[in-house]
>>> print(open('input33.cif').read())   # mmCIF, C-alpha atoms
data_structure
#
loop_
_atom_site.label_atom_id
_atom_site.label_comp_id
_atom_site.auth_asym_id
_atom_site.auth_seq_id
_atom_site.Cartn_x
_atom_site.Cartn_y
_atom_site.Cartn_z
CA MET A 1192 2.25 -0.65 18.53
CA SER A 1193 -0.61 -2.60 20.06
CA GLU A 1194 -1.94 -4.39 17.00
CA LYS A 1195 -0.60 -7.89 16.42
CA PRO A 1196 -0.43 -9.55 13.00
CA VAL A 1197 -2.82 -12.35 12.16
CA GLU A 1198 -1.19 -15.76 11.73
CA TYR A 1199 -2.69 -17.39 8.64
CA ARG A 1200 -1.09 -20.61 7.51
CA LEU A 1201 -1.15 -21.51 3.80
CA GLU A 1202 -4.06 -23.92 4.29
CA ASP A 1203 -6.07 -21.13 6.00
CA ILE A 1204 -5.91 -18.83 2.95
CA ASN A 1205 -8.62 -19.05 0.27
CA LEU A 1206 -8.97 -17.68 -3.23
CA GLY A 1207 -11.09 -14.54 -3.14
CA GLN A 1208 -10.08 -13.75 0.45
CA ARG A 1209 -9.88 -9.98 0.90
CA LYS A 1210 -8.74 -7.40 3.37
CA GLN A 1211 -9.07 -3.65 3.24
CA PHE A 1212 -8.29 -0.78 5.57
CA ALA A 1213 -8.35 3.01 5.40
CA VAL A 1214 -5.52 5.46 5.91
CA LYS A 1215 -5.66 9.25 6.02
CA ILE A 1216 -2.63 10.79 4.31
CA THR A 1217 -1.21 13.57 6.46
CA GLU A 1218 1.45 16.20 5.92
CA SER A 1219 3.36 14.58 8.78
CA MET A 1220 3.43 11.25 6.91
CA ILE A 1221 4.79 12.95 3.81
CA ASN A 1222 7.43 14.79 5.83
CA ASP A 1223 8.48 11.57 7.61
CA PHE A 1224 8.61 9.62 4.35
CA THR A 1225 10.68 12.39 2.78
CA LYS A 1226 13.24 12.12 5.59
CA ILE A 1227 13.38 8.32 5.33
CA SER A 1228 13.52 8.13 1.53
CA GLY A 1229 15.56 11.25 0.86
CA ASP A 1230 13.08 12.25 -1.89
CA TYR A 1231 12.66 16.00 -1.44
CA ASN A 1232 11.17 16.56 -4.91
CA SER A 1233 9.44 19.95 -5.07
CA LEU A 1234 6.18 18.34 -6.26
CA HIS A 1235 5.92 16.68 -2.84
CA MET A 1236 7.36 19.42 -0.64
CA GLU A 1237 6.71 22.91 -2.04
CA GLU A 1238 3.18 24.26 -2.32
CA GLU A 1239 4.37 27.23 -4.42
CA TYR A 1240 5.93 24.87 -6.95
CA ALA A 1241 3.09 22.34 -6.95
CA ILE A 1242 0.42 24.97 -7.61
CA GLU A 1243 2.07 25.66 -10.99
CA THR A 1244 1.79 21.99 -12.04
CA PRO A 1245 -1.29 20.28 -13.51
CA PHE A 1246 -1.94 18.84 -10.01
CA LYS A 1247 -2.35 22.34 -8.43
CA LYS A 1248 -1.17 21.12 -5.02
CA ARG A 1249 1.43 18.91 -3.35
CA VAL A 1250 1.32 15.27 -4.35
CA CYS A 1251 1.92 12.35 -2.00
CA HIS A 1252 4.89 10.14 -2.91
CA GLY A 1253 3.68 7.10 -4.84
CA MET A 1254 6.04 4.93 -2.85
CA LEU A 1255 4.53 6.17 0.40
CA LEU A 1256 1.18 4.87 -0.80
CA ALA A 1257 2.76 1.61 -1.98
CA SER A 1258 4.33 1.12 1.44
CA PHE A 1259 0.86 0.38 2.82
CA PHE A 1260 0.93 -2.88 0.87
CA SER A 1261 3.59 -3.94 3.38
CA ARG A 1262 1.03 -3.48 6.17
CA LEU A 1263 -1.52 -5.46 4.16
CA VAL A 1264 0.85 -8.41 3.76
CA GLY A 1265 2.70 -8.28 7.07
CA MET A 1266 -0.31 -7.69 9.29
CA TYR A 1267 -3.35 -9.16 7.54
CA ILE A 1268 -2.80 -11.62 4.66
CA PRO A 1269 -0.99 -13.77 5.58
CA GLY A 1270 0.32 -11.72 8.50
CA LYS A 1271 3.00 -13.13 10.78
CA ASN A 1272 3.94 -15.91 8.35
CA ALA A 1273 4.52 -13.54 5.40
CA LEU A 1274 7.71 -13.19 3.41
CA TYR A 1275 7.24 -10.67 0.58
CA PHE A 1276 8.53 -12.15 -2.68
CA SER A 1277 7.59 -9.47 -5.24
CA GLN A 1278 5.28 -6.54 -5.90
CA SER A 1279 4.43 -4.85 -9.19
CA LEU A 1280 3.21 -1.25 -9.03
CA ASN A 1281 1.24 0.98 -11.39
CA PHE A 1282 0.88 4.59 -10.28
CA ILE A 1283 -2.39 5.66 -11.90
CA SER A 1284 -3.67 8.83 -10.21
CA PRO A 1285 -2.28 11.31 -7.69
CA CYS A 1286 -2.98 11.39 -3.99
CA PHE A 1287 -2.96 14.57 -1.92
CA ILE A 1288 -2.55 15.61 1.70
CA ASN A 1289 -5.71 14.88 3.74
CA ASP A 1290 -6.99 12.29 1.26
CA GLU A 1291 -8.35 9.14 2.85
CA VAL A 1292 -7.30 6.07 0.91
CA ILE A 1293 -8.55 2.49 0.96
CA VAL A 1294 -5.83 -0.17 0.72
CA GLU A 1295 -7.10 -3.56 -0.45
CA GLY A 1296 -5.72 -6.98 -1.26
CA GLU A 1297 -7.48 -9.98 -2.77
CA VAL A 1298 -5.99 -13.47 -3.03
CA ILE A 1299 -6.17 -14.47 -6.71
CA ASP A 1300 -3.86 -17.51 -6.74
CA LYS A 1301 -2.34 -19.97 -4.30
CA SER A 1302 0.42 -22.49 -5.01
CA ILE A 1303 0.87 -25.34 -2.56
CA ALA A 1304 4.12 -26.38 -4.31
CA THR A 1305 5.85 -23.01 -3.93
CA ARG A 1306 3.89 -21.82 -0.86
CA ILE A 1307 3.24 -18.56 -2.69
CA ILE A 1308 -0.02 -16.65 -2.70
CA THR A 1309 -0.69 -14.03 -5.36
CA MET A 1310 -2.75 -10.99 -4.44
CA LYS A 1311 -4.27 -8.21 -6.49
CA THR A 1312 -3.37 -5.04 -4.60
CA THR A 1313 -5.12 -1.69 -5.00
CA ILE A 1314 -5.33 1.70 -3.38
CA HIS A 1315 -8.38 3.90 -4.07
CA ASN A 1316 -9.31 7.34 -2.86
CA GLU A 1317 -12.63 8.17 -1.16
CA ALA A 1318 -14.23 8.82 -4.55
CA GLY A 1319 -13.34 5.29 -5.66
CA LYS A 1320 -10.63 6.38 -8.11
CA CYS A 1321 -7.74 3.92 -8.36
CA LEU A 1322 -4.45 5.53 -7.33
CA VAL A 1323 -2.11 2.53 -7.30
CA ASP A 1324 -2.52 -1.10 -8.29
CA GLY A 1325 -0.33 -4.12 -8.74
CA ILE A 1326 0.28 -7.77 -8.01
CA ALA A 1327 1.91 -9.07 -4.84
CA LYS A 1328 3.51 -12.49 -4.50
CA VAL A 1329 4.01 -13.61 -0.91
CA ILE A 1330 5.63 -16.73 0.48
CA VAL A 1331 3.61 -18.17 3.36
CA ARG A 1332 6.27 -19.59 5.67
CA GLN A 1333 3.97 -21.95 7.62
#
>>> encode(input="input33.cif", output="C-alpha cells")
Amino acid sequence: MSEKPVEYRLEDINLGQRKQFAVKITESMINDFTKISGDYNSLHMEEEYAIETPFKKRVCHGMLLASFFSRLVGMYIPGKNALYFSQSLNFISPCFINDEVIVEGEVIDKSIATRIITMKTTIHNEAGKCLVDGIAKVIVRQ
C-alpha cells in the first residue's frame, strides 16, 4: 500500500470537516469478504437464489460496506491518530456488484475532555440513495 494516513491532531479537527471517497464494489471484494467473514449466505453468493428474491440479484454484505468506515477513520479523519471507539450502523438499501459507492464522514461533535470526535457516517450509491448510515465515535490519540 502506498497511501499513508493523514495525521490530524485533535486541535486540527473542526466541526463540519468532511471527507469522502468512492469505491467500486466488485465480485472479487465480495468473494474475499466472504472468505474472511465466513458469511456464505446464498443472497450474497448464489445468483440463482438471489434472482428469486425481491432484490433480483446478489447483494453485497452490509458489513463489507460498513468496513469502509474503517478506511475513513484510519486514513482520513483523524487518520494515524485514530482509535475507533464505537460505530452505529443502519442498513437502509441494498448494494450490488459493480455499484460505485460514496463513503462520507462529517465531524459533528468534538470533546476536548474525552478527546473524542463524533462523525456522521454515510454510504450512498451513484444515484444518491443512502445504503448505510450511522454515527462513529473516535478517540484522537494526539
>>> closest_residue(input="input33.cif", among="A:Arg1332, A:Ile1227, A:Glu1297, A:Leu1234", to="Leu1274 of chain A", atoms="only C-alpha atoms")
A:Arg1332
>>> resolve_selection(input="input33.cif", expression="the PyMOL selection byres ((chain A and resi 1309) around 6)", output="number ranges by chain")
A: 1298-1300, 1308, 1310, 1327-1328
>>> resolve_selection(input="input33.cif", expression="the PyMOL selection byres ((chain A and resi 1215) around 12)", output="PyMOL selection string")
chain A and resi 1212-1214+1216-1221+1251+1256+1259+1286-1294+1315-1317
>>> resolve_selection(input="input33.cif", expression="the PyMOL selection byres ((chain A and resi 1283) around 8)", output="MDAnalysis selection string")
chainID A and resid 1281:1282 1284:1285 1321:1324
>>> atom_distance(input="input33.cif", atom1="atom CA of Gln1333 of chain A", atom2="atom CA of Arg1200 of chain A")
5.2 Å
>>> closest_residue(input="input33.cif", among="A:Ala1257, A:Val1331, A:Ile1326, A:Ile1242", to="Ser1279 of chain A", atoms="all atoms listed in the file")
A:Ile1326
>>> atom_distance(input="input33.cif", atom1="atom CA of Met1236 of chain A", atom2="atom CA of Gly1253 of chain A")
13.5 Å
>>> atom_distance(input="input33.cif", atom1="atom CA of Thr1313 of chain A", atom2="atom CA of Glu1295 of chain A")
5.3 Å
>>> closest_residue(input="input33.cif", among="A:Lys1210, A:Glu1237, A:Gly1270, A:Ile1330", to="Lys1311 of chain A", atoms="only C-alpha atoms")
A:Lys1210
>>> decode(input="input33.cif", residues="segment 1207-1267 of chain A", atoms="C-alpha atoms", output="compact mmCIF listing (two decimals), in the first residue's frame")
# COMPACT_ATOMS: atom_id res chain seq x y z
CA GLY A 1207 -18.23 20.32 9.76
CA GLN A 1208 -14.97 18.84 8.45
CA ARG A 1209 -15.75 16.22 5.80
CA LYS A 1210 -14.08 13.55 3.77
CA GLN A 1211 -15.50 11.38 1.04
CA PHE A 1212 -14.14 8.80 -1.35
CA ALA A 1213 -15.54 6.40 -3.94
CA VAL A 1214 -15.28 2.63 -4.08
CA LYS A 1215 -16.45 0.28 -6.82
CA ILE A 1216 -17.88 -2.93 -5.35
CA THR A 1217 -16.51 -5.92 -7.22
CA GLU A 1218 -17.30 -9.62 -7.19
CA SER A 1219 -13.73 -10.18 -6.01
CA MET A 1220 -14.35 -7.97 -2.95
CA ILE A 1221 -17.47 -9.94 -2.09
CA ASN A 1222 -15.65 -13.25 -2.51
CA ASP A 1223 -12.73 -12.06 -0.35
CA PHE A 1224 -15.07 -10.71 2.34
CA THR A 1225 -16.97 -13.99 2.32
CA LYS A 1226 -13.75 -15.92 2.98
CA ILE A 1227 -12.71 -13.55 5.79
CA SER A 1228 -16.12 -13.32 7.47
CA GLY A 1229 -17.33 -16.86 6.84
CA ASP A 1230 -20.71 -15.47 5.70
CA TYR A 1231 -21.62 -17.60 2.68
CA ASN A 1232 -25.32 -16.65 2.73
CA SER A 1233 -26.95 -17.52 -0.61
CA LEU A 1234 -28.21 -13.93 -1.04
CA HIS A 1235 -24.57 -12.84 -1.38
CA MET A 1236 -23.13 -15.84 -3.23
CA GLU A 1237 -25.70 -17.52 -5.49
CA GLU A 1238 -27.16 -15.70 -8.48
CA GLU A 1239 -29.82 -18.42 -8.98
CA TYR A 1240 -31.04 -17.94 -5.41
CA ALA A 1241 -30.81 -14.14 -5.42
CA ILE A 1242 -32.86 -13.78 -8.61
CA GLU A 1243 -35.83 -15.29 -6.76
CA THR A 1244 -35.66 -12.64 -4.01
CA PRO A 1245 -37.11 -9.11 -4.15
CA PHE A 1246 -33.55 -7.88 -4.91
CA LYS A 1247 -33.34 -9.92 -8.18
CA LYS A 1248 -29.55 -10.21 -7.94
CA ARG A 1249 -26.73 -10.85 -5.48
CA VAL A 1250 -26.48 -8.35 -2.65
CA CYS A 1251 -23.23 -7.04 -1.18
CA HIS A 1252 -22.71 -7.83 2.51
CA GLY A 1253 -23.75 -4.83 4.61
CA MET A 1254 -20.70 -5.33 6.78
CA LEU A 1255 -18.44 -5.17 3.74
CA LEU A 1256 -19.83 -1.71 3.04
CA ALA A 1257 -19.51 -0.73 6.71
CA SER A 1258 -15.86 -1.79 6.69
CA PHE A 1259 -15.09 1.24 4.53
CA PHE A 1260 -15.80 3.41 7.57
CA SER A 1261 -12.58 1.95 8.96
CA ARG A 1262 -10.70 3.44 5.99
CA LEU A 1263 -12.45 6.77 6.56
CA VAL A 1264 -11.35 6.90 10.20
CA GLY A 1265 -7.95 5.22 9.97
CA MET A 1266 -6.74 7.01 6.85
CA TYR A 1267 -8.51 10.37 6.67
